[in-house]
Amino acid sequence: MMKADLLVKGCSELHTLSGGKKPRMGKEMMDTGLIKNGAFVVKNGEILDVGKEDRILKEYEAAEIIDASGKLVVPGFVDPHTHLVFSGSREDELVMKIQGKTYMEILNAGGGILRTVRKTREASKDQLKYEMKKRMDVMLAHGTTTAEAKSGYGLDLDNEMKCLEVIREIDHPLELVPTYMGAHALPPEFDDHSKYIDYCCDTVLPAVADVAEFCDVFCEKGVFDAGDSKRLLVKAAELGLGIKVHADEIENIGCTTMAAELGAISCEHLVKSSSGDIEAMAKNSVIGILLPGTPFMLMDDHYSPAREMIDHGMAIALATDLNPNCWTESMQMIITLACLQMKMMPEEALTASTFNAARAIGRADIGSIEPGKKADFLILGIPNLMHLPYHFGVNLVDMVFKEGVLQ
Ligand SMILES: [Zn+2]
């Protein structure tokens with residue numbers, strides 16, 4: 001008998017997501033590596049072996065055994081798009097939205113992003129960590145074991161650096177991947193988008209390149225145009241950062257195809273993407289990160305064309321977009337919205353929330369339950385995957401393991 005630290009047995013449905021390194025594209029997203037009556041063993045925080053329960057029980061003994069009979073077991077959720085570092089809240093703007101004001105009207109009235117910028121600039125690092133930790137505790141409890149975190153409420157050099165350092169420094173089992181998103185809004189001290197992009201390129205990017213892994217830009221009508229966005233992303237790539245874009249959220253201004261051709265790892269939002277954009281993303285193996293929580297909170301009926309994207313062979317990931325305008329920590333909620341509003345199948349939504357989400361933030365060692373991967377996994381109190389979108393609005397996760405440790 002071989003020795004392991006932990007053995008999980010009796011899993012009613014064990015979705016391993018095992019197999020391959022590349023993101024699952026198109027029809028491949030239905031393949032979740034399902035093992036019925038599955039079991040697996042963990043050693044030193046990594047998956048040692050996985051398979052049918054009969055074989056695993058014959059071959060291994062473990063210091064600790066968990067019986068997951070009647071339960072669903074999946075990799076830990078990866079949330080590849082959050083704006084986790086911010087201070088304050090904007091619940092009154094939800095009331096304005098209920099009354100019919102648009103996102104852009106709220107922004108132009110001094111609300112929206114710039115209001116959070118003011119609060120975030122005023123906040124100390126300790127204050128930001130205090131507010132972030134509460135969100136991260138909720139994320140972890142709802143099954144998110146790794147998340148991307150974007151800066152973008154500091155905007156100037158000192159405040160962007162402060163936010164990125166907070167992401168690096170915070171002591172929490174939930175692992176964070178930092179993205180610099182200074183080009184999130186035009187700061188009040190600038191009156192020209194192009195000049196602000198010059199400032200980001202010349203002053204901020206060189207300083208944050210060692211702290212962040214990715215650079216993202218809000219490419220949108222009235223925010224940053226495709227030309228300025230491209231300038232920033234080219235500079236970021238020169239400095240060794242991976243590139244991402246917020247594109248086609250409200251209007252299509254040609255950013256998605258530009259970013260796909262530049263070698264972006266992901267394009268995000270993609271509500272108004274054209275067939276040409278979808279082809280460009282599929283052809284360049286760009287992962288589309290879809291954020292159905294955002295139109296839901298905007299009370300907008302337009303969701304990303306996930307079915308068309310999958311039919312054209314694109315790889316899709318799902319994320320919360322956690323920010324003061326779309327405040328949910330729960331990938332379970334996002335999976336429900338993805339299935340109901342974008343007609344994704346439960347298997348596709350799971351792939352998009354684990355394996356593909358990990359690839360969308362450049363992580364190859366998480367997102368699946370297979371030998372050599374980090375033992376990040378969830379035990380849910382439901383007997384099969386179909387319950388995940390079906391039984392909504394509550395936390396279905398019984399146990400969260402991060403690198404083999406129960407949280
Ligand atoms: Zn976002």
# chains A, B, ... in the order shown; residues from 1 in each chain; ligands from 1

call {"tool": "select_by_dssp", "arguments": {"residues": "segment 16-147 of chain A", "states": "strand (DSSP E)", "output": "ChimeraX atom specification"}}
result
/A:34-43,46-52,60-67,72-75,77-79,144-147

call {"tool": "residues_near_ligand", "arguments": {"ligand": "ligand 1", "cutoff": "8 Å", "atoms": "only C-alpha atoms and all ligand atoms", "output": "VMD selection string"}}
result
chain A and resid 81 to 83 218 246 268 to 269 321 to 323

call {"tool": "write_last_selection", "arguments": {"atoms": "all heavy atoms", "output": "PDB file, in the first residue's frame"}}
result
ATOM      1  N   HIS A  81     -11.603  37.222 -13.156  1.00  0.00           N
ATOM      2  CA  HIS A  81     -11.832  38.647 -13.425  1.00  0.00           C
ATOM      3  C   HIS A  81     -12.526  39.258 -12.209  1.00  0.00           C
ATOM      4  O   HIS A  81     -13.735  39.100 -12.036  1.00  0.00           O
ATOM      5  CB  HIS A  81     -12.697  38.802 -14.690  1.00  0.00           C
ATOM      6  CG  HIS A  81     -13.022  40.218 -15.076  1.00  0.00           C
ATOM      7  ND1 HIS A  81     -13.001  40.643 -16.385  1.00  0.00           N
ATOM      8  CD2 HIS A  81     -13.392  41.307 -14.341  1.00  0.00           C
ATOM      9  CE1 HIS A  81     -13.346  41.913 -16.436  1.00  0.00           C
ATOM     10  NE2 HIS A  81     -13.595  42.341 -15.210  1.00  0.00           N
ATOM     11  N   THR A  82     -11.742  39.923 -11.363  1.00  0.00           N
ATOM     12  CA  THR A  82     -12.331  40.661 -10.241  1.00  0.00           C
ATOM     13  C   THR A  82     -11.633  42.015 -10.105  1.00  0.00           C
ATOM     14  O   THR A  82     -10.478  42.161 -10.503  1.00  0.00           O
ATOM     15  CB  THR A  82     -12.197  39.939  -8.881  1.00  0.00           C
ATOM     16  OG1 THR A  82     -10.891  40.187  -8.333  1.00  0.00           O
ATOM     17  CG2 THR A  82     -12.424  38.443  -8.985  1.00  0.00           C
ATOM     18  N   HIS A  83     -12.368  42.957  -9.533  1.00  0.00           N
ATOM     19  CA  HIS A  83     -11.785  44.255  -9.161  1.00  0.00           C
ATOM     20  C   HIS A  83     -11.821  44.292  -7.635  1.00  0.00           C
ATOM     21  O   HIS A  83     -12.573  45.056  -7.033  1.00  0.00           O
ATOM     22  CB  HIS A  83     -12.599  45.400  -9.763  1.00  0.00           C
ATOM     23  CG  HIS A  83     -12.717  45.346 -11.257  1.00  0.00           C
ATOM     24  ND1 HIS A  83     -11.938  46.106 -12.091  1.00  0.00           N
ATOM     25  CD2 HIS A  83     -13.502  44.598 -12.079  1.00  0.00           C
ATOM     26  CE1 HIS A  83     -12.252  45.843 -13.366  1.00  0.00           C
ATOM     27  NE2 HIS A  83     -13.204  44.927 -13.375  1.00  0.00           N
ATOM     28  N   PHE A 218      -9.846  49.284 -20.124  1.00  0.00           N
ATOM     29  CA  PHE A 218     -11.287  49.403 -20.364  1.00  0.00           C
ATOM     30  C   PHE A 218     -11.464  50.079 -21.721  1.00  0.00           C
ATOM     31  O   PHE A 218     -11.491  51.302 -21.827  1.00  0.00           O
ATOM     32  CB  PHE A 218     -11.925  50.223 -19.245  1.00  0.00           C
ATOM     33  CG  PHE A 218     -13.438  50.206 -19.226  1.00  0.00           C
ATOM     34  CD1 PHE A 218     -14.183  49.347 -20.024  1.00  0.00           C
ATOM     35  CD2 PHE A 218     -14.118  51.062 -18.373  1.00  0.00           C
ATOM     36  CE1 PHE A 218     -15.571  49.342 -19.981  1.00  0.00           C
ATOM     37  CE2 PHE A 218     -15.514  51.066 -18.317  1.00  0.00           C
ATOM     38  CZ  PHE A 218     -16.232  50.206 -19.130  1.00  0.00           C
ATOM     39  N   HIS A 246     -10.954  44.706 -21.438  1.00  0.00           N
ATOM     40  CA  HIS A 246     -12.392  44.820 -21.236  1.00  0.00           C
ATOM     41  C   HIS A 246     -12.930  45.316 -22.572  1.00  0.00           C
ATOM     42  O   HIS A 246     -12.667  46.465 -22.947  1.00  0.00           O
ATOM     43  CB  HIS A 246     -12.715  45.895 -20.193  1.00  0.00           C
ATOM     44  CG  HIS A 246     -12.614  45.450 -18.776  1.00  0.00           C
ATOM     45  ND1 HIS A 246     -11.470  44.926 -18.223  1.00  0.00           N
ATOM     46  CD2 HIS A 246     -13.545  45.475 -17.772  1.00  0.00           C
ATOM     47  CE1 HIS A 246     -11.698  44.658 -16.950  1.00  0.00           C
ATOM     48  NE2 HIS A 246     -12.946  44.975 -16.644  1.00  0.00           N
ATOM     49  N   GLU A 268     -12.506  40.206 -22.326  1.00  0.00           N
ATOM     50  CA  GLU A 268     -13.434  40.051 -21.205  1.00  0.00           C
ATOM     51  C   GLU A 268     -14.670  40.942 -21.382  1.00  0.00           C
ATOM     52  O   GLU A 268     -14.569  42.016 -21.933  1.00  0.00           O
ATOM     53  CB  GLU A 268     -12.656  40.346 -19.909  1.00  0.00           C
ATOM     54  CG  GLU A 268     -11.247  39.715 -20.014  1.00  0.00           C
ATOM     55  CD  GLU A 268     -10.419  39.624 -18.745  1.00  0.00           C
ATOM     56  OE1 GLU A 268     -10.823  40.144 -17.707  1.00  0.00           O
ATOM     57  OE2 GLU A 268      -9.338  39.000 -18.824  1.00  0.00           O
ATOM     58  N   HIS A 269     -15.790  40.432 -20.957  1.00  0.00           N
ATOM     59  CA  HIS A 269     -17.150  40.998 -21.123  1.00  0.00           C
ATOM     60  C   HIS A 269     -17.788  40.465 -22.405  1.00  0.00           C
ATOM     61  O   HIS A 269     -18.642  39.604 -22.354  1.00  0.00           O
ATOM     62  CB  HIS A 269     -17.186  42.530 -21.069  1.00  0.00           C
ATOM     63  CG  HIS A 269     -17.102  43.067 -19.686  1.00  0.00           C
ATOM     64  ND1 HIS A 269     -18.113  42.928 -18.777  1.00  0.00           N
ATOM     65  CD2 HIS A 269     -16.102  43.724 -19.049  1.00  0.00           C
ATOM     66  CE1 HIS A 269     -17.751  43.491 -17.640  1.00  0.00           C
ATOM     67  NE2 HIS A 269     -16.533  43.972 -17.774  1.00  0.00           N
ATOM     68  N   ASP A 321     -16.610  39.368 -11.968  1.00  0.00           N
ATOM     69  CA  ASP A 321     -16.455  40.820 -12.173  1.00  0.00           C
ATOM     70  C   ASP A 321     -16.630  41.568 -10.847  1.00  0.00           C
ATOM     71  O   ASP A 321     -16.954  42.760 -10.853  1.00  0.00           O
ATOM     72  CB  ASP A 321     -17.450  41.357 -13.221  1.00  0.00           C
ATOM     73  CG  ASP A 321     -17.055  42.735 -13.765  1.00  0.00           C
ATOM     74  OD1 ASP A 321     -15.870  43.093 -13.640  1.00  0.00           O
ATOM     75  OD2 ASP A 321     -17.925  43.443 -14.301  1.00  0.00           O
ATOM     76  N   LEU A 322     -16.448  40.896  -9.731  1.00  0.00           N
ATOM     77  CA  LEU A 322     -16.645  41.514  -8.413  1.00  0.00           C
ATOM     78  C   LEU A 322     -16.101  42.940  -8.374  1.00  0.00           C
ATOM     79  O   LEU A 322     -14.908  43.168  -8.563  1.00  0.00           O
ATOM     80  CB  LEU A 322     -15.941  40.647  -7.341  1.00  0.00           C
ATOM     81  CG  LEU A 322     -15.771  41.224  -5.936  1.00  0.00           C
ATOM     82  CD1 LEU A 322     -17.096  41.670  -5.349  1.00  0.00           C
ATOM     83  CD2 LEU A 322     -15.111  40.236  -5.024  1.00  0.00           C
ATOM     84  N   ASN A 323     -16.987  43.893  -8.167  1.00  0.00           N
ATOM     85  CA  ASN A 323     -16.635  45.316  -8.070  1.00  0.00           C
ATOM     86  C   ASN A 323     -17.840  46.029  -7.459  1.00  0.00           C
ATOM     87  O   ASN A 323     -18.889  45.403  -7.278  1.00  0.00           O
ATOM     88  CB  ASN A 323     -16.251  45.854  -9.463  1.00  0.00           C
ATOM     89  CG  ASN A 323     -17.437  46.051 -10.385  1.00  0.00           C
ATOM     90  OD1 ASN A 323     -18.201  47.007 -10.223  1.00  0.00           O
ATOM     91  ND2 ASN A 323     -17.626  45.159 -11.341  1.00  0.00           N
TER      92      ASN A 323
END

call {"tool": "select_by_dssp", "arguments": {"residues": "segment 242-299 of chain A", "states": "helix (DSSP H, G or I)", "output": "tab-separated table (two decimals) with N, CA and C atoms, in the first residue's frame"}}
result
chain	number	residue	atom	x	y	z
A	255	CYS	N	-12.18	46.65	-30.38
A	255	CYS	CA	-11.05	46.33	-29.51
A	255	CYS	C	-10.74	44.84	-29.45
A	256	THR	N	-11.76	44.01	-29.61
A	256	THR	CA	-11.56	42.57	-29.42
A	256	THR	C	-10.63	41.99	-30.49
A	257	THR	N	-10.91	42.29	-31.75
A	257	THR	CA	-10.06	41.77	-32.83
A	257	THR	C	-8.65	42.33	-32.70
A	258	MET	N	-8.53	43.62	-32.35
A	258	MET	CA	-7.21	44.23	-32.14
A	258	MET	C	-6.44	43.45	-31.07
A	259	ALA	N	-7.08	43.18	-29.94
A	259	ALA	CA	-6.39	42.50	-28.83
A	259	ALA	C	-6.06	41.05	-29.20
A	260	ALA	N	-6.99	40.40	-29.91
A	260	ALA	CA	-6.76	39.01	-30.31
A	260	ALA	C	-5.53	38.93	-31.20
A	261	GLU	N	-5.40	39.90	-32.11
A	261	GLU	CA	-4.26	39.88	-33.02
A	261	GLU	C	-2.96	40.27	-32.32
A	262	LEU	N	-3.08	41.02	-31.20
A	262	LEU	CA	-1.88	41.39	-30.42
A	262	LEU	C	-1.38	40.24	-29.54
A	275	SER	N	-19.51	38.55	-35.14
A	275	SER	CA	-19.05	37.24	-35.63
A	275	SER	C	-17.57	37.29	-35.99
A	276	GLY	N	-17.14	38.43	-36.55
A	276	GLY	CA	-15.73	38.60	-36.90
A	276	GLY	C	-14.84	38.55	-35.66
A	277	ASP	N	-15.29	39.21	-34.57
A	277	ASP	CA	-14.53	39.18	-33.31
A	277	ASP	C	-14.43	37.74	-32.79
A	278	ILE	N	-15.54	37.04	-32.87
A	278	ILE	CA	-15.56	35.66	-32.37
A	278	ILE	C	-14.60	34.79	-33.17
A	279	GLU	N	-14.59	34.99	-34.48
A	279	GLU	CA	-13.64	34.23	-35.31
A	279	GLU	C	-12.20	34.58	-34.97
A	280	ALA	N	-11.93	35.89	-34.76
A	280	ALA	CA	-10.56	36.31	-34.43
A	280	ALA	C	-10.12	35.70	-33.10
A	281	MET	N	-11.02	35.65	-32.13
A	281	MET	CA	-10.66	35.07	-30.83
A	281	MET	C	-10.43	33.57	-30.95
A	282	ALA	N	-11.32	32.88	-31.69
A	282	ALA	CA	-11.16	31.43	-31.85
A	282	ALA	C	-9.85	31.11	-32.57
A	283	LYS	N	-9.58	31.88	-33.63
A	283	LYS	CA	-8.38	31.63	-34.44
A	283	LYS	C	-7.11	31.86	-33.63
A	293	GLY	N	-22.86	38.36	-14.41
A	293	GLY	CA	-23.32	39.14	-13.26
A	293	GLY	C	-23.49	40.61	-13.61
A	294	THR	N	-22.71	41.08	-14.58
A	294	THR	CA	-22.72	42.51	-14.89
A	294	THR	C	-24.03	42.94	-15.57
A	295	PRO	N	-24.44	42.32	-16.70
A	295	PRO	CA	-25.75	42.70	-17.24
A	295	PRO	C	-26.90	42.43	-16.26
A	296	PHE	N	-26.74	41.39	-15.44
A	296	PHE	CA	-27.78	41.10	-14.44
A	296	PHE	C	-27.96	42.29	-13.50
A	297	MET	N	-26.83	42.85	-13.02
A	297	MET	CA	-26.92	43.98	-12.08
A	297	MET	C	-27.27	45.29	-12.78
A	298	LEU	N	-27.02	45.35	-14.11
A	298	LEU	CA	-27.42	46.54	-14.87
A	298	LEU	C	-28.87	46.42	-15.34

call {"tool": "closest_residue", "arguments": {"among": "A:Ser151, A:Asn325, A:Thr102, A:Gln127", "to": "Asp300 of chain A", "atoms": "only C-alpha atoms"}}
result
A:Thr102

call {"tool": "closest_residue", "arguments": {"among": "A:Asp398, A:Gly20, A:Ile65, A:Asp158", "to": "Leu7 of chain A", "atoms": "only C-alpha atoms"}}
result
A:Ile65

call {"tool": "closest_residue", "arguments": {"among": "A:Asp79, A:Asp210, A:Asp67, A:Asp192", "to": "Val223 of chain A", "atoms": "only C-alpha atoms"}}
result
A:Asp192

call {"tool": "decode", "arguments": {"residues": "segment 209-245 of chain A", "atoms": "N, CA and C atoms", "output": "PDB file, in the first residue's frame"}}
result
ATOM      1  N   ALA A 209       5.538  46.884 -13.590  1.00  0.00           N
ATOM      2  CA  ALA A 209       5.765  45.671 -14.384  1.00  0.00           C
ATOM      3  C   ALA A 209       6.288  44.503 -13.549  1.00  0.00           C
ATOM      4  N   ASP A 210       6.989  44.808 -12.458  1.00  0.00           N
ATOM      5  CA  ASP A 210       7.498  43.719 -11.611  1.00  0.00           C
ATOM      6  C   ASP A 210       6.459  43.227 -10.608  1.00  0.00           C
ATOM      7  N   VAL A 211       5.434  44.018 -10.374  1.00  0.00           N
ATOM      8  CA  VAL A 211       4.446  43.674  -9.344  1.00  0.00           C
ATOM      9  C   VAL A 211       3.236  42.972  -9.957  1.00  0.00           C
ATOM     10  N   ALA A 212       2.871  43.381 -11.174  1.00  0.00           N
ATOM     11  CA  ALA A 212       1.695  42.801 -11.828  1.00  0.00           C
ATOM     12  C   ALA A 212       2.113  41.710 -12.815  1.00  0.00           C
ATOM     13  N   GLU A 213       1.177  40.807 -13.121  1.00  0.00           N
ATOM     14  CA  GLU A 213       1.434  39.779 -14.137  1.00  0.00           C
ATOM     15  C   GLU A 213       0.788  40.125 -15.468  1.00  0.00           C
ATOM     16  N   PHE A 214      -0.331  40.885 -15.392  1.00  0.00           N
ATOM     17  CA  PHE A 214      -1.086  41.226 -16.603  1.00  0.00           C
ATOM     18  C   PHE A 214      -1.386  42.716 -16.615  1.00  0.00           C
ATOM     19  N   CYS A 215      -1.695  43.214 -17.825  1.00  0.00           N
ATOM     20  CA  CYS A 215      -2.185  44.590 -17.992  1.00  0.00           C
ATOM     21  C   CYS A 215      -3.523  44.518 -18.702  1.00  0.00           C
ATOM     22  N   ASP A 216      -4.494  45.261 -18.198  1.00  0.00           N
ATOM     23  CA  ASP A 216      -5.855  45.260 -18.741  1.00  0.00           C
ATOM     24  C   ASP A 216      -6.250  46.710 -19.028  1.00  0.00           C
ATOM     25  N   VAL A 217      -7.189  46.907 -19.938  1.00  0.00           N
ATOM     26  CA  VAL A 217      -7.652  48.260 -20.278  1.00  0.00           C
ATOM     27  C   VAL A 217      -9.150  48.224 -20.563  1.00  0.00           C
ATOM     28  N   PHE A 218      -9.846  49.284 -20.124  1.00  0.00           N
ATOM     29  CA  PHE A 218     -11.287  49.403 -20.364  1.00  0.00           C
ATOM     30  C   PHE A 218     -11.464  50.079 -21.721  1.00  0.00           C
ATOM     31  N   CYS A 219     -11.532  49.259 -22.772  1.00  0.00           N
ATOM     32  CA  CYS A 219     -11.647  49.760 -24.138  1.00  0.00           C
ATOM     33  C   CYS A 219     -13.141  49.900 -24.452  1.00  0.00           C
ATOM     34  N   GLU A 220     -13.629  51.128 -24.429  1.00  0.00           N
ATOM     35  CA  GLU A 220     -15.080  51.344 -24.531  1.00  0.00           C
ATOM     36  C   GLU A 220     -15.331  52.758 -25.023  1.00  0.00           C
ATOM     37  N   LYS A 221     -16.413  52.951 -25.729  1.00  0.00           N
ATOM     38  CA  LYS A 221     -16.791  54.286 -26.190  1.00  0.00           C
ATOM     39  C   LYS A 221     -16.905  55.232 -24.991  1.00  0.00           C
ATOM     40  N   GLY A 222     -16.255  56.383 -25.077  1.00  0.00           N
ATOM     41  CA  GLY A 222     -16.278  57.343 -23.976  1.00  0.00           C
ATOM     42  C   GLY A 222     -15.237  57.046 -22.906  1.00  0.00           C
ATOM     43  N   VAL A 223     -14.549  55.915 -23.023  1.00  0.00           N
ATOM     44  CA  VAL A 223     -13.470  55.614 -22.066  1.00  0.00           C
ATOM     45  C   VAL A 223     -12.170  55.596 -22.887  1.00  0.00           C
ATOM     46  N   PHE A 224     -11.562  54.446 -23.146  1.00  0.00           N
ATOM     47  CA  PHE A 224     -10.343  54.433 -23.950  1.00  0.00           C
ATOM     48  C   PHE A 224     -10.630  53.805 -25.312  1.00  0.00           C
ATOM     49  N   ASP A 225     -10.193  54.485 -26.386  1.00  0.00           N
ATOM     50  CA  ASP A 225     -10.483  53.957 -27.724  1.00  0.00           C
ATOM     51  C   ASP A 225      -9.469  52.868 -28.097  1.00  0.00           C
ATOM     52  N   ALA A 226      -9.717  52.244 -29.237  1.00  0.00           N
ATOM     53  CA  ALA A 226      -8.896  51.093 -29.629  1.00  0.00           C
ATOM     54  C   ALA A 226      -7.433  51.492 -29.854  1.00  0.00           C
ATOM     55  N   GLY A 227      -7.217  52.712 -30.395  1.00  0.00           N
ATOM     56  CA  GLY A 227      -5.843  53.161 -30.660  1.00  0.00           C
ATOM     57  C   GLY A 227      -5.049  53.344 -29.373  1.00  0.00           C
ATOM     58  N   ASP A 228      -5.625  54.070 -28.410  1.00  0.00           N
ATOM     59  CA  ASP A 228      -4.947  54.282 -27.122  1.00  0.00           C
ATOM     60  C   ASP A 228      -4.774  52.961 -26.371  1.00  0.00           C
ATOM     61  N   SER A 229      -5.803  52.118 -26.441  1.00  0.00           N
ATOM     62  CA  SER A 229      -5.712  50.820 -25.750  1.00  0.00           C
ATOM     63  C   SER A 229      -4.564  50.001 -26.328  1.00  0.00           C
ATOM     64  N   LYS A 230      -4.447  50.020 -27.656  1.00  0.00           N
ATOM     65  CA  LYS A 230      -3.390  49.251 -28.315  1.00  0.00           C
ATOM     66  C   LYS A 230      -2.009  49.753 -27.891  1.00  0.00           C
ATOM     67  N   ARG A 231      -1.842  51.062 -27.832  1.00  0.00           N
ATOM     68  CA  ARG A 231      -0.556  51.647 -27.419  1.00  0.00           C
ATOM     69  C   ARG A 231      -0.155  51.134 -26.028  1.00  0.00           C
ATOM     70  N   LEU A 232      -1.106  51.131 -25.138  1.00  0.00           N
ATOM     71  CA  LEU A 232      -0.834  50.678 -23.769  1.00  0.00           C
ATOM     72  C   LEU A 232      -0.474  49.188 -23.748  1.00  0.00           C
ATOM     73  N   LEU A 233      -1.245  48.398 -24.485  1.00  0.00           N
ATOM     74  CA  LEU A 233      -1.033  46.945 -24.454  1.00  0.00           C
ATOM     75  C   LEU A 233       0.295  46.557 -25.108  1.00  0.00           C
ATOM     76  N   VAL A 234       0.657  47.263 -26.166  1.00  0.00           N
ATOM     77  CA  VAL A 234       1.948  46.992 -26.823  1.00  0.00           C
ATOM     78  C   VAL A 234       3.090  47.267 -25.841  1.00  0.00           C
ATOM     79  N   LYS A 235       2.988  48.393 -25.140  1.00  0.00           N
ATOM     80  CA  LYS A 235       4.018  48.740 -24.146  1.00  0.00           C
ATOM     81  C   LYS A 235       4.060  47.694 -23.023  1.00  0.00           C
ATOM     82  N   ALA A 236       2.894  47.279 -22.563  1.00  0.00           N
ATOM     83  CA  ALA A 236       2.829  46.281 -21.485  1.00  0.00           C
ATOM     84  C   ALA A 236       3.487  44.976 -21.932  1.00  0.00           C
ATOM     85  N   ALA A 237       3.206  44.565 -23.173  1.00  0.00           N
ATOM     86  CA  ALA A 237       3.789  43.326 -23.689  1.00  0.00           C
ATOM     87  C   ALA A 237       5.299  43.450 -23.784  1.00  0.00           C
ATOM     88  N   GLU A 238       5.787  44.616 -24.189  1.00  0.00           N
ATOM     89  CA  GLU A 238       7.244  44.848 -24.248  1.00  0.00           C
ATOM     90  C   GLU A 238       7.887  44.675 -22.879  1.00  0.00           C
ATOM     91  N   LEU A 239       7.145  45.052 -21.838  1.00  0.00           N
ATOM     92  CA  LEU A 239       7.672  44.960 -20.472  1.00  0.00           C
ATOM     93  C   LEU A 239       7.455  43.571 -19.867  1.00  0.00           C
ATOM     94  N   GLY A 240       6.915  42.659 -20.670  1.00  0.00           N
ATOM     95  CA  GLY A 240       6.782  41.273 -20.209  1.00  0.00           C
ATOM     96  C   GLY A 240       5.468  40.926 -19.541  1.00  0.00           C
ATOM     97  N   LEU A 241       4.506  41.848 -19.587  1.00  0.00           N
ATOM     98  CA  LEU A 241       3.200  41.548 -18.986  1.00  0.00           C
ATOM     99  C   LEU A 241       2.303  40.831 -19.992  1.00  0.00           C
ATOM    100  N   GLY A 242       1.467  39.931 -19.502  1.00  0.00           N
ATOM    101  CA  GLY A 242       0.417  39.359 -20.335  1.00  0.00           C
ATOM    102  C   GLY A 242      -0.657  40.417 -20.558  1.00  0.00           C
ATOM    103  N   ILE A 243      -1.415  40.304 -21.634  1.00  0.00           N
ATOM    104  CA  ILE A 243      -2.387  41.374 -21.899  1.00  0.00           C
ATOM    105  C   ILE A 243      -3.832  40.853 -21.959  1.00  0.00           C
ATOM    106  N   LYS A 244      -4.705  41.733 -21.469  1.00  0.00           N
ATOM    107  CA  LYS A 244      -6.140  41.460 -21.369  1.00  0.00           C
ATOM    108  C   LYS A 244      -6.891  42.725 -21.763  1.00  0.00           C
ATOM    109  N   VAL A 245      -8.137  42.586 -22.184  1.00  0.00           N
ATOM    110  CA  VAL A 245      -8.964  43.783 -22.443  1.00  0.00           C
ATOM    111  C   VAL A 245     -10.380  43.591 -21.924  1.00  0.00           C
TER     112      VAL A 245
END
